[in-house]
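Below is run32.cif, which holds mmCIF, C-alpha atoms and all ligand atoms.
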data_query
loop_
_atom_site.group_PDB
_atom_site.id
_atom_site.type_symbol
_atom_site.label_atom_id
_atom_site.label_comp_id
_atom_site.auth_asym_id
_atom_site.auth_seq_id
_atom_site.Cartn_x
_atom_site.Cartn_y
_atom_site.Cartn_z
ATOM 1 C CA MET A 1 59.017 126.857 205.098
ATOM 2 C CA ALA A 2 57.523 130.363 205.164
ATOM 3 C CA ARG A 3 53.941 130.895 204.069
ATOM 4 C CA ASN A 4 53.508 131.039 200.295
ATOM 5 C CA THR A 5 51.396 134.196 200.215
ATOM 6 C CA VAL A 6 50.481 133.868 196.535
ATOM 7 C CA LEU A 7 49.042 130.414 197.221
ATOM 8 C CA PHE A 8 47.362 131.530 200.448
ATOM 9 C CA ASP A 9 45.698 134.505 198.699
ATOM 10 C CA ALA A 10 44.721 132.420 195.678
ATOM 11 C CA ILE A 11 42.828 129.951 197.889
ATOM 12 C CA CYS A 12 41.210 132.748 199.900
ATOM 13 C CA ASN A 13 40.125 134.442 196.667
ATOM 14 C CA GLY A 14 39.039 131.204 194.989
ATOM 15 C CA LYS A 15 41.514 131.470 192.097
ATOM 16 C CA ALA A 16 41.811 127.803 191.125
ATOM 17 C CA ASN A 17 43.984 128.534 188.070
ATOM 18 C CA VAL A 18 46.549 130.391 190.211
ATOM 19 C CA VAL A 19 46.487 127.586 192.802
ATOM 20 C CA GLU A 20 47.152 125.048 190.072
ATOM 21 C CA GLN A 21 50.085 127.033 188.697
ATOM 22 C CA VAL A 22 51.703 127.734 192.077
ATOM 23 C CA VAL A 23 51.331 124.152 193.310
ATOM 24 C CA ARG A 24 52.727 122.750 190.044
ATOM 25 C CA GLU A 25 55.732 125.088 190.322
ATOM 26 C CA ALA A 26 56.303 124.076 193.949
ATOM 27 C CA ILE A 27 56.178 120.376 193.023
ATOM 28 C CA ASP A 28 58.604 120.946 190.134
ATOM 29 C CA ARG A 29 61.016 122.757 192.489
ATOM 30 C CA GLY A 30 60.827 119.812 194.899
ATOM 31 C CA ASP A 31 59.332 121.884 197.729
ATOM 32 C CA ASN A 32 58.143 120.049 200.838
ATOM 33 C CA VAL A 33 54.483 119.406 199.997
ATOM 34 C CA VAL A 34 53.418 118.659 203.566
ATOM 35 C CA GLU A 35 54.718 122.080 204.616
ATOM 36 C CA LEU A 36 52.966 123.661 201.647
ATOM 37 C CA LEU A 37 49.753 122.161 202.986
ATOM 38 C CA THR A 38 50.226 123.031 206.637
ATOM 39 C CA GLU A 39 51.806 126.495 206.235
ATOM 40 C CA SER A 40 49.803 127.902 203.325
ATOM 41 C CA MET A 41 46.820 125.845 202.192
ATOM 42 C CA ILE A 42 45.131 124.788 205.447
ATOM 43 C CA PRO A 43 45.621 128.288 206.994
ATOM 44 C CA ALA A 44 43.873 129.768 203.918
ATOM 45 C CA MET A 45 40.772 127.648 204.626
ATOM 46 C CA LYS A 46 40.920 128.760 208.268
ATOM 47 C CA GLU A 47 41.118 132.378 207.136
ATOM 48 C CA ILE A 48 38.084 132.027 204.849
ATOM 49 C CA GLY A 49 36.151 130.510 207.762
ATOM 50 C CA GLU A 50 37.056 133.485 209.953
ATOM 51 C CA ARG A 51 35.940 135.903 207.229
ATOM 52 C CA PHE A 52 32.657 133.965 206.952
ATOM 53 C CA ALA A 53 32.173 134.226 210.725
ATOM 54 C CA ARG A 54 32.699 138.018 210.468
ATOM 55 C CA ASN A 55 30.141 138.204 207.589
ATOM 56 C CA GLU A 56 32.848 139.418 205.216
ATOM 57 C CA VAL A 57 32.244 136.519 202.822
ATOM 58 C CA TYR A 58 29.261 134.216 202.264
ATOM 59 C CA VAL A 59 28.627 130.594 201.218
ATOM 60 C CA PRO A 60 29.434 131.125 197.493
ATOM 61 C CA GLU A 61 32.871 132.509 198.370
ATOM 62 C CA MET A 62 33.516 129.600 200.760
ATOM 63 C CA LEU A 63 32.551 127.249 197.971
ATOM 64 C CA ILE A 64 34.919 128.737 195.394
ATOM 65 C CA SER A 65 37.729 128.713 197.969
ATOM 66 C CA ALA A 66 36.993 125.041 198.608
ATOM 67 C CA ARG A 67 37.152 124.340 194.855
ATOM 68 C CA ALA A 68 40.477 126.162 194.595
ATOM 69 C CA MET A 69 41.790 124.170 197.584
ATOM 70 C CA ASN A 70 40.653 120.899 195.998
ATOM 71 C CA THR A 71 42.459 121.795 192.756
ATOM 72 C CA GLY A 72 45.698 122.024 194.751
ATOM 73 C CA LEU A 73 44.981 118.888 196.767
ATOM 74 C CA LYS A 74 44.419 116.809 193.625
ATOM 75 C CA LEU A 75 47.924 117.725 192.463
ATOM 76 C CA LEU A 76 49.423 116.853 195.850
ATOM 77 C CA GLU A 77 47.598 113.558 196.302
ATOM 78 C CA PRO A 78 49.979 111.348 194.287
ATOM 79 C CA LEU A 79 52.914 112.744 196.250
ATOM 80 C CA LEU A 80 51.251 112.092 199.586
ATOM 81 C CA ALA A 81 50.215 108.544 198.707
ATOM 82 C CA LYS A 82 53.009 106.001 198.361
ATOM 83 C CA GLN A 83 52.616 103.357 195.678
ATOM 84 C CA GLY A 84 52.978 99.593 195.530
ATOM 85 C CA HIS A 85 52.906 98.292 199.076
ATOM 86 C CA GLN A 86 50.801 95.789 200.963
ATOM 87 C CA PRO A 87 48.022 97.623 202.824
ATOM 88 C CA LEU A 88 48.428 97.733 206.619
ATOM 89 C CA ALA A 89 44.660 97.428 207.101
ATOM 90 C CA LYS A 90 41.459 98.530 205.456
ATOM 91 C CA VAL A 91 39.742 101.558 206.999
ATOM 92 C CA ALA A 92 36.523 103.414 206.175
ATOM 93 C CA ILE A 93 36.291 107.194 206.238
ATOM 94 C CA GLY A 94 33.344 109.508 205.723
ATOM 95 C CA THR A 95 31.825 112.821 206.710
ATOM 96 C CA VAL A 96 28.804 112.093 208.875
ATOM 97 C CA LYS A 97 25.145 112.409 207.991
ATOM 98 C CA GLY A 98 23.969 115.962 207.297
ATOM 99 C CA ASP A 99 27.476 117.308 206.742
ATOM 100 C CA LEU A 100 28.879 118.154 203.299
ATOM 101 C CA HIS A 101 32.364 119.368 204.276
ATOM 102 C CA ASP A 102 34.972 117.089 202.739
ATOM 103 C CA ILE A 103 38.316 118.876 202.485
ATOM 104 C CA GLY A 104 39.602 117.743 205.892
ATOM 105 C CA LYS A 105 38.215 114.240 205.370
ATOM 106 C CA ASN A 106 39.951 114.055 201.971
ATOM 107 C CA LEU A 107 43.245 115.115 203.543
ATOM 108 C CA VAL A 108 42.965 112.462 206.239
ATOM 109 C CA ALA A 109 42.179 109.864 203.539
ATOM 110 C CA MET A 110 45.261 110.928 201.564
ATOM 111 C CA MET A 111 47.563 110.706 204.586
ATOM 112 C CA LEU A 112 46.166 107.294 205.559
ATOM 113 C CA LYS A 113 46.772 106.054 201.999
ATOM 114 C CA GLY A 114 50.258 107.524 202.131
ATOM 115 C CA ALA A 115 50.916 105.620 205.360
ATOM 116 C CA GLY A 116 49.930 102.324 203.724
ATOM 117 C CA PHE A 117 46.255 101.883 204.635
ATOM 118 C CA GLU A 118 43.636 100.760 202.141
ATOM 119 C CA VAL A 119 41.040 103.517 202.423
ATOM 120 C CA ASP A 120 37.357 103.080 201.644
ATOM 121 C CA ASP A 121 36.319 106.718 201.170
ATOM 122 C CA LEU A 122 32.557 106.864 201.640
ATOM 123 C CA GLY A 123 32.234 110.552 200.822
ATOM 124 C CA VAL A 124 29.971 112.984 202.630
ATOM 125 C CA ASN A 125 26.576 112.710 204.346
ATOM 126 C CA CYS A 126 27.293 109.155 205.535
ATOM 127 C CA ASP A 127 24.770 107.382 207.673
ATOM 128 C CA VAL A 128 25.673 104.484 209.917
ATOM 129 C CA ASN A 129 24.575 101.923 207.301
ATOM 130 C CA LYS A 130 27.272 103.146 204.905
ATOM 131 C CA PHE A 131 29.950 102.692 207.568
ATOM 132 C CA ALA A 132 28.502 99.282 208.471
ATOM 133 C CA ALA A 133 28.575 98.149 204.824
ATOM 134 C CA SER A 134 32.266 99.046 204.632
ATOM 135 C CA VAL A 135 32.950 97.052 207.804
ATOM 136 C CA GLN A 136 31.149 94.090 206.212
ATOM 137 C CA LYS A 137 33.652 94.445 203.338
ATOM 138 C CA GLY A 138 36.631 94.291 205.714
ATOM 139 C CA SER A 139 37.217 97.755 207.168
ATOM 140 C CA ARG A 140 38.699 97.446 210.653
ATOM 141 C CA ALA A 141 38.367 101.106 211.604
ATOM 142 C CA VAL A 142 35.695 103.714 210.951
ATOM 143 C CA CYS A 143 36.938 107.312 210.692
ATOM 144 C CA CYS A 144 34.217 109.938 211.068
ATOM 145 C CA SER A 145 34.605 113.590 210.139
ATOM 146 C CA ALA A 146 32.255 116.409 211.197
ATOM 147 C CA LEU A 147 32.642 120.156 210.703
ATOM 148 C CA LEU A 148 29.326 121.338 212.108
ATOM 149 C CA THR A 149 28.295 121.418 215.747
ATOM 150 C CA THR A 150 24.890 120.240 214.515
ATOM 151 C CA THR A 151 26.259 117.090 212.813
ATOM 152 C CA MET A 152 28.881 116.194 215.435
ATOM 153 C CA PRO A 153 26.283 114.374 217.624
ATOM 154 C CA TYR A 154 25.744 111.851 214.803
ATOM 155 C CA MET A 155 29.161 110.468 215.696
ATOM 156 C CA LYS A 156 27.595 109.137 218.879
ATOM 157 C CA THR A 157 25.109 107.152 216.755
ATOM 158 C CA VAL A 158 28.048 105.608 214.889
ATOM 159 C CA VAL A 159 29.927 104.814 218.116
ATOM 160 C CA GLU A 160 26.806 103.245 219.661
ATOM 161 C CA HIS A 161 26.224 101.099 216.571
ATOM 162 C CA PHE A 162 29.728 99.630 216.582
ATOM 163 C CA LYS A 163 29.667 98.772 220.302
ATOM 164 C CA GLN A 164 28.325 95.378 219.190
ATOM 165 C CA TYR A 165 31.575 94.844 217.193
ATOM 166 C CA PRO A 166 34.418 95.296 219.700
ATOM 167 C CA ASP A 167 37.074 94.642 217.030
ATOM 168 C CA VAL A 168 35.963 97.673 215.005
ATOM 169 C CA LYS A 169 37.531 100.939 216.145
ATOM 170 C CA VAL A 170 35.745 104.268 215.715
ATOM 171 C CA ILE A 171 38.021 107.296 215.434
ATOM 172 C CA ILE A 172 36.646 110.803 215.122
ATOM 173 C CA GLY A 173 37.876 114.231 214.066
ATOM 174 C CA GLY A 174 36.933 117.585 212.562
ATOM 175 C CA ALA A 175 37.196 121.223 213.591
ATOM 176 C CA PRO A 176 34.566 121.267 216.391
ATOM 177 C CA VAL A 177 35.506 117.827 217.780
ATOM 178 C CA THR A 178 37.617 117.507 220.941
ATOM 179 C CA GLN A 179 39.232 114.748 222.958
ATOM 180 C CA ALA A 180 36.715 115.461 225.721
ATOM 181 C CA TYR A 181 33.847 114.923 223.269
ATOM 182 C CA ALA A 182 35.429 111.695 222.006
ATOM 183 C CA ASP A 183 35.749 110.442 225.591
ATOM 184 C CA ASP A 184 32.197 111.514 226.328
ATOM 185 C CA ILE A 185 30.667 109.496 223.467
ATOM 186 C CA GLY A 186 33.036 106.540 223.921
ATOM 187 C CA ALA A 187 34.971 106.812 220.632
ATOM 188 C CA HIS A 188 38.168 104.738 220.524
ATOM 189 C CA GLY A 189 40.241 107.643 219.258
ATOM 190 C CA PHE A 190 40.332 111.333 218.372
ATOM 191 C CA ALA A 191 42.707 113.028 215.936
ATOM 192 C CA THR A 192 43.329 116.757 215.598
ATOM 193 C CA ASN A 193 44.743 116.667 212.053
ATOM 194 C CA ALA A 194 45.594 114.346 209.186
ATOM 195 C CA SER A 195 49.028 113.207 210.363
ATOM 196 C CA ASP A 196 47.707 112.745 213.889
ATOM 197 C CA ALA A 197 44.934 110.610 212.362
ATOM 198 C CA VAL A 198 47.543 108.212 210.950
ATOM 199 C CA LYS A 199 49.113 107.824 214.417
ATOM 200 C CA VAL A 200 45.778 107.388 216.193
ATOM 201 C CA VAL A 201 44.368 104.888 213.673
ATOM 202 C CA SER A 202 47.631 102.886 213.784
ATOM 203 C CA ALA A 203 47.594 102.871 217.590
ATOM 204 C CA CYS A 204 43.923 101.878 217.788
ATOM 205 C CA LEU A 205 44.549 98.946 215.440
ATOM 206 C CA GLY A 206 47.662 97.876 217.348
ATOM 207 C CA LEU A 207 49.938 98.687 214.400
ATOM 208 C CA SER A 208 52.357 101.038 216.172
HETATM 209 CO CO1 LIG B 1 31.117 125.561 206.070
HETATM 210 N N1 LIG B 1 31.124 125.980 207.979
HETATM 211 N N2 LIG B 1 29.166 125.580 206.072
HETATM 212 N N3 LIG B 1 31.271 125.287 204.173
HETATM 213 N N4 LIG B 1 32.966 125.885 206.287
HETATM 214 C C1 LIG B 1 32.426 125.953 208.666
HETATM 215 C C2 LIG B 1 32.702 124.559 209.238
HETATM 216 C C3 LIG B 1 32.216 127.046 209.808
HETATM 217 C C4 LIG B 1 33.093 126.829 211.051
HETATM 218 C C5 LIG B 1 32.421 128.471 209.209
HETATM 219 C C6 LIG B 1 32.258 129.560 210.249
HETATM 220 O O1 LIG B 1 31.156 129.844 210.661
HETATM 221 N N5 LIG B 1 33.339 130.163 210.704
HETATM 222 C C7 LIG B 1 30.670 126.888 210.081
HETATM 223 C C8 LIG B 1 30.283 125.873 211.157
HETATM 224 C C9 LIG B 1 29.812 126.542 212.444
HETATM 225 C C10 LIG B 1 29.360 125.557 213.448
HETATM 226 O O2 LIG B 1 28.980 124.445 213.222
HETATM 227 N N6 LIG B 1 29.374 126.032 214.684
HETATM 228 C C11 LIG B 1 30.152 126.492 208.714
HETATM 229 C C12 LIG B 1 28.800 126.625 208.290
HETATM 230 C C13 LIG B 1 27.868 127.336 209.266
HETATM 231 C C14 LIG B 1 28.333 126.121 207.061
HETATM 232 C C15 LIG B 1 26.893 126.147 206.521
HETATM 233 C C16 LIG B 1 25.794 125.794 207.560
HETATM 234 C C17 LIG B 1 26.684 127.552 205.902
HETATM 235 C C18 LIG B 1 25.306 127.826 205.393
HETATM 236 O O3 LIG B 1 24.814 127.149 204.520
HETATM 237 N N7 LIG B 1 24.711 128.852 205.973
HETATM 238 C C19 LIG B 1 26.954 125.093 205.374
HETATM 239 C C20 LIG B 1 26.629 123.662 205.861
HETATM 240 C C21 LIG B 1 26.537 122.680 204.720
HETATM 241 C C22 LIG B 1 26.484 121.235 205.237
HETATM 242 O O4 LIG B 1 27.499 120.637 205.477
HETATM 243 N N8 LIG B 1 25.283 120.686 205.424
HETATM 244 C C23 LIG B 1 28.413 125.182 205.002
HETATM 245 C C24 LIG B 1 28.872 124.957 203.712
HETATM 246 C C25 LIG B 1 30.208 125.044 203.337
HETATM 247 C C26 LIG B 1 30.676 124.928 201.895
HETATM 248 C C27 LIG B 1 29.916 123.855 201.088
HETATM 249 C C28 LIG B 1 30.472 126.277 201.223
HETATM 250 C C29 LIG B 1 32.213 124.678 202.082
HETATM 251 C C30 LIG B 1 32.600 123.170 202.126
HETATM 252 C C31 LIG B 1 33.120 122.681 200.785
HETATM 253 C C32 LIG B 1 33.777 121.323 200.931
HETATM 254 O O5 LIG B 1 34.194 120.857 201.990
HETATM 255 N N9 LIG B 1 33.865 120.671 199.793
HETATM 256 C C33 LIG B 1 32.439 125.230 203.484
HETATM 257 C C34 LIG B 1 33.732 125.547 204.003
HETATM 258 C C35 LIG B 1 34.868 125.533 203.012
HETATM 259 C C36 LIG B 1 33.947 125.866 205.370
HETATM 260 C C37 LIG B 1 35.260 126.317 206.068
HETATM 261 C C38 LIG B 1 35.498 127.751 205.657
HETATM 262 C C39 LIG B 1 36.520 125.523 205.797
HETATM 263 C C40 LIG B 1 36.444 124.025 206.133
HETATM 264 C C41 LIG B 1 37.730 123.391 205.661
HETATM 265 O O6 LIG B 1 37.782 122.841 204.570
HETATM 266 N N10 LIG B 1 38.823 123.506 206.475
HETATM 267 C C42 LIG B 1 34.859 126.155 207.604
HETATM 268 C C43 LIG B 1 35.599 127.111 208.530
HETATM 269 C C44 LIG B 1 36.681 126.389 209.339
HETATM 270 O O7 LIG B 1 36.739 125.196 209.442
HETATM 271 N N11 LIG B 1 37.519 127.181 209.989
HETATM 272 C C45 LIG B 1 33.384 126.137 207.544
HETATM 273 C C46 LIG B 1 40.151 123.031 206.085
HETATM 274 C C47 LIG B 1 40.333 121.555 206.506
HETATM 275 C C48 LIG B 1 41.707 121.091 206.076
HETATM 276 O O8 LIG B 1 40.235 121.487 207.910
HETATM 277 O O9 LIG B 1 38.042 120.210 207.835
HETATM 278 O O10 LIG B 1 39.014 121.033 210.052
HETATM 279 P P1 LIG B 1 39.218 120.515 208.690
HETATM 280 O O11 LIG B 1 40.030 119.126 208.778
HETATM 281 C C49 LIG B 1 41.194 118.949 209.547
HETATM 282 C C50 LIG B 1 40.927 118.520 210.988
HETATM 283 O O12 LIG B 1 39.701 118.947 211.515
HETATM 284 C C51 LIG B 1 41.089 117.028 210.968
HETATM 285 O O13 LIG B 1 42.109 116.843 209.998
HETATM 286 C C52 LIG B 1 41.899 117.766 208.925
HETATM 287 C C53 LIG B 1 43.234 118.063 208.292
HETATM 288 O O14 LIG B 1 44.121 118.687 209.197
HETATM 289 N N12 LIG B 1 39.975 116.155 210.597
HETATM 290 C C54 LIG B 1 39.948 114.846 210.960
HETATM 291 C C55 LIG B 1 38.892 116.399 209.823
HETATM 292 N N13 LIG B 1 38.162 115.305 209.692
HETATM 293 C C56 LIG B 1 38.787 114.319 210.364
HETATM 294 C C57 LIG B 1 38.462 112.980 210.533
HETATM 295 C C58 LIG B 1 39.302 112.188 211.290
HETATM 296 C C59 LIG B 1 40.446 112.725 211.898
HETATM 297 C C60 LIG B 1 40.779 114.069 211.734
HETATM 298 O O15 LIG B 1 38.951 110.899 211.410
HETATM 299 C C61 LIG B 1 39.718 110.069 212.174
#

Please rewrite the model in this file as structure tokens.
Amino acid sequence: MARNTVLFDAICNGKANVVEQVVREAIDRGDNVVELLTESMIPAMKEIGERFARNEVYVPEMLISARAMNTGLKLLEPLLAKQGHQPLAKVAIGTVKGDLHDIGKNLVAMMLKGAGFEVDDLGVNCDVNKFAASVQKGSRAVCCSALLTTTMPYMKTVVEHFKQYPDVKVIIGGAPVTQAYADDIGAHGFATNASDAVKVVSACLGLS
């Protein structure tokens, strides 16, 4: 599928009403929603980040783009999440302490739900106690998201904590995170994007 430039521009310019209209029309036409995400919506967030890095836009513009993106994601969520099946396993997901970015984390949560996992979404700014409480309630994997180089090191705190529970797998991801970093801190897995996260979580839990 080619890029939907109206959708791409609407997210970049923070036009939530246009995003809503275009996404609804795409759903009604039966367009491939995963391609809509990967070809138009995610690249728009990348573009806004590049503009921010070049000082062409500032935090308020990033925020309204994020709101526009979330408007589209809410419409896509029911299509990405299958209904009525037995969960494969319960997993916790959260953006780590100090970090408020949640779009990527939300996407990973949606794809995990769509693949049949029961997802305990802990939100943003999660400290290790939040992840631990979810494990006490049955989560077998802990998925950590970080978008800032300053919050990424908190993932090591999470990994260290769960070393005492060898059955609990810690899987990490987010724009600044790499496989080398995951290896360095001893995480069980690293995923580059939401569909990769499904594969990595499944593999770590012995489900694939
Ligand atoms: Co912020 N921000 N931001 N921001 N922001 C970045 C991350 C930045 C790269 C922009 C830039 O400079 N180019 C930069 C970080 C630089 C760095 O750390 N070196 C930055 C900065 C500096 C900041 C502030 C410090 C700005 C300020 O206040 N001066 C501030 C920090 C606030 C805080 O968290 N404490 C801040 C604030 C914000 C907003 C609130 C305005 C807003 C977030 C709104 C929200 O999330 N609700 C925002 C946004 C929107 C961005 C950018 C533009 C877009 C992020 C995004 O949603 N990407 C971002 C630029 C960029 O990333 N290029 C930027 C789309 C999303 C689908 O991708 O999150 O990477 P991503 O998720 C992917 C994968 O990474 C992976 O799968 C996802 C789907 O494919 N993945 C996982 C993610 N989590 C995973 C977990 C897993 C597995 C895979 O677990 C297993």

Expand the PyMOL selection byres (((chain A and resi 7-9) around 8) and not hetatm) into the explicit residue set it covers here, and present it as a PyMOL selection string. chain A and resi 3-6+10-13+18-19+22-23+40-41+43-44

As a short mmCIF file (atom, residue, chain, number, x, y, z; two decimals) with C-alpha atoms, in the coordinates of the input, please: every protein or nucleic acid residue near ligand LIG 1 (chain B) (cut-off 7 Å, counting all atoms listed in the file).
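See part_36.cif below for the written result:
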data_model
loop_
_atom_site.label_atom_id
_atom_site.label_comp_id
_atom_site.auth_asym_id
_atom_site.auth_seq_id
_atom_site.Cartn_x
_atom_site.Cartn_y
_atom_site.Cartn_z
CA ILE A 42 45.13 124.79 205.45
CA MET A 45 40.77 127.65 204.63
CA LYS A 46 40.92 128.76 208.27
CA GLU A 47 41.12 132.38 207.14
CA ILE A 48 38.08 132.03 204.85
CA GLY A 49 36.15 130.51 207.76
CA GLU A 50 37.06 133.49 209.95
CA PHE A 52 32.66 133.96 206.95
CA ALA A 53 32.17 134.23 210.72
CA VAL A 59 28.63 130.59 201.22
CA PRO A 60 29.43 131.12 197.49
CA MET A 62 33.52 129.60 200.76
CA LEU A 63 32.55 127.25 197.97
CA SER A 65 37.73 128.71 197.97
CA ALA A 66 36.99 125.04 198.61
CA ARG A 67 37.15 124.34 194.86
CA ILE A 93 36.29 107.19 206.24
CA GLY A 98 23.97 115.96 207.30
CA ASP A 99 27.48 117.31 206.74
CA LEU A 100 28.88 118.15 203.30
CA HIS A 101 32.36 119.37 204.28
CA ASP A 102 34.97 117.09 202.74
CA ILE A 103 38.32 118.88 202.48
CA GLY A 104 39.60 117.74 205.89
CA LYS A 105 38.22 114.24 205.37
CA LEU A 107 43.24 115.12 203.54
CA VAL A 108 42.96 112.46 206.24
CA CYS A 143 36.94 107.31 210.69
CA CYS A 144 34.22 109.94 211.07
CA SER A 145 34.60 113.59 210.14
CA ALA A 146 32.26 116.41 211.20
CA LEU A 147 32.64 120.16 210.70
CA LEU A 148 29.33 121.34 212.11
CA THR A 149 28.30 121.42 215.75
CA THR A 150 24.89 120.24 214.52
CA ILE A 171 38.02 107.30 215.43
CA ILE A 172 36.65 110.80 215.12
CA GLY A 173 37.88 114.23 214.07
CA GLY A 174 36.93 117.58 212.56
CA ALA A 175 37.20 121.22 213.59
CA PHE A 190 40.33 111.33 218.37
CA ALA A 191 42.71 113.03 215.94
CA THR A 192 43.33 116.76 215.60
CA ASN A 193 44.74 116.67 212.05
CA ALA A 194 45.59 114.35 209.19
CA ALA A 197 44.93 110.61 212.36
#

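Straight-line separation from atom CA of Arg24 of chain A to atom CA of Asn106 of chain A: 19.5 Å.
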
Put the listed atoms of segment 57-66 of chain A in a box along x, y and z with 8 Å added on every side and give me the centre and edge lengths in Å to one decimal, as lines of an AutoDock Vina configuration file.
center_x = 33.2
center_y = 130.8
center_z = 199.1
size_x = 25.1
size_y = 27.5
size_z = 23.4

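Near segment 89-91 of chain A, within 10 Å and counting only C-alpha atoms, sit A:Ala109, A:Leu112, A:Lys113, A:Gly116, A:Phe117, A:Glu118, A:Val119, A:Asp120, A:Asp121, A:Phe131, A:Ser134, A:Val135, A:Lys137, A:Gly138, A:Ser139, A:Arg140, A:Ala141, A:Val142, A:Cys143, A:Val168, A:Lys169, A:Val170, A:Val201, A:Ser202, A:Leu205, A:Leu207; same-chain residues fewer than 5 positions away were not included.
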
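Pairwise distance (atom CA of Asn17 of chain A, atom CA of Arg54 of chain A) equals 26.8 Å.
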
Tell me, as a PyMOL selection string, which residues lie within 6 Å of Lys97 of chain A, counting all atoms listed in the file; anything in the same chain fewer than 3 positions away does not count. chain A and resi 125-127

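Residues with any atom within 9 Å of Glu77 of chain A, counting all atoms listed in the file and excluding same-chain neighbours fewer than 4 positions away, are Gly72, Leu73, Ala81, Leu107, Met110, Met111 and Gly114 of chain A.
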
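Counting from atom CA of Gly186 of chain A, the distance to atom CA of Glu160 of chain A is 8.2 Å.
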
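Minimum distance to Gln21 of chain A across A:Ala187, A:Leu75, A:Ser195, A:Tyr181 (counting only C-alpha atoms) occurs at A:Leu75.
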
List every protein, DNA or RNA residue that has an atom no more than 6 Å from (33.1, 111.6, 202.2) in the file's coordinate frame, counting all atoms listed in the file, and report them as a CSV table (one decimal) with C-alpha atoms, in the frame of the given file.
chain,number,residue,atom,x,y,z
A,94,GLY,CA,33.3,109.5,205.7
A,95,THR,CA,31.8,112.8,206.7
A,102,ASP,CA,35.0,117.1,202.7
A,121,ASP,CA,36.3,106.7,201.2
A,122,LEU,CA,32.6,106.9,201.6
A,123,GLY,CA,32.2,110.6,200.8
A,124,VAL,CA,30.0,113.0,202.6

Exercise: Ser208 of chain A partners within 12 Å, all atoms listed in the file, chain neighbours under 2 positions left out, as a list in words: Leu88, Ala115, Val198, Lys199, Val200, Val201, Ser202, Ala203, Cys204, Leu205 and Gly206 of chain A

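Counting all atoms listed in the file, the residue from A:Leu36, A:Val57, A:Val96, A:Ala16 that sits nearest to Thr71 of chain A is A:Ala16.
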
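With all atoms listed in the file as the basis for measurement, A:Asn32 is the residue among A:Ala92, A:Glu25, A:Asn32, A:Lys156 that approaches Met1 of chain A most closely.
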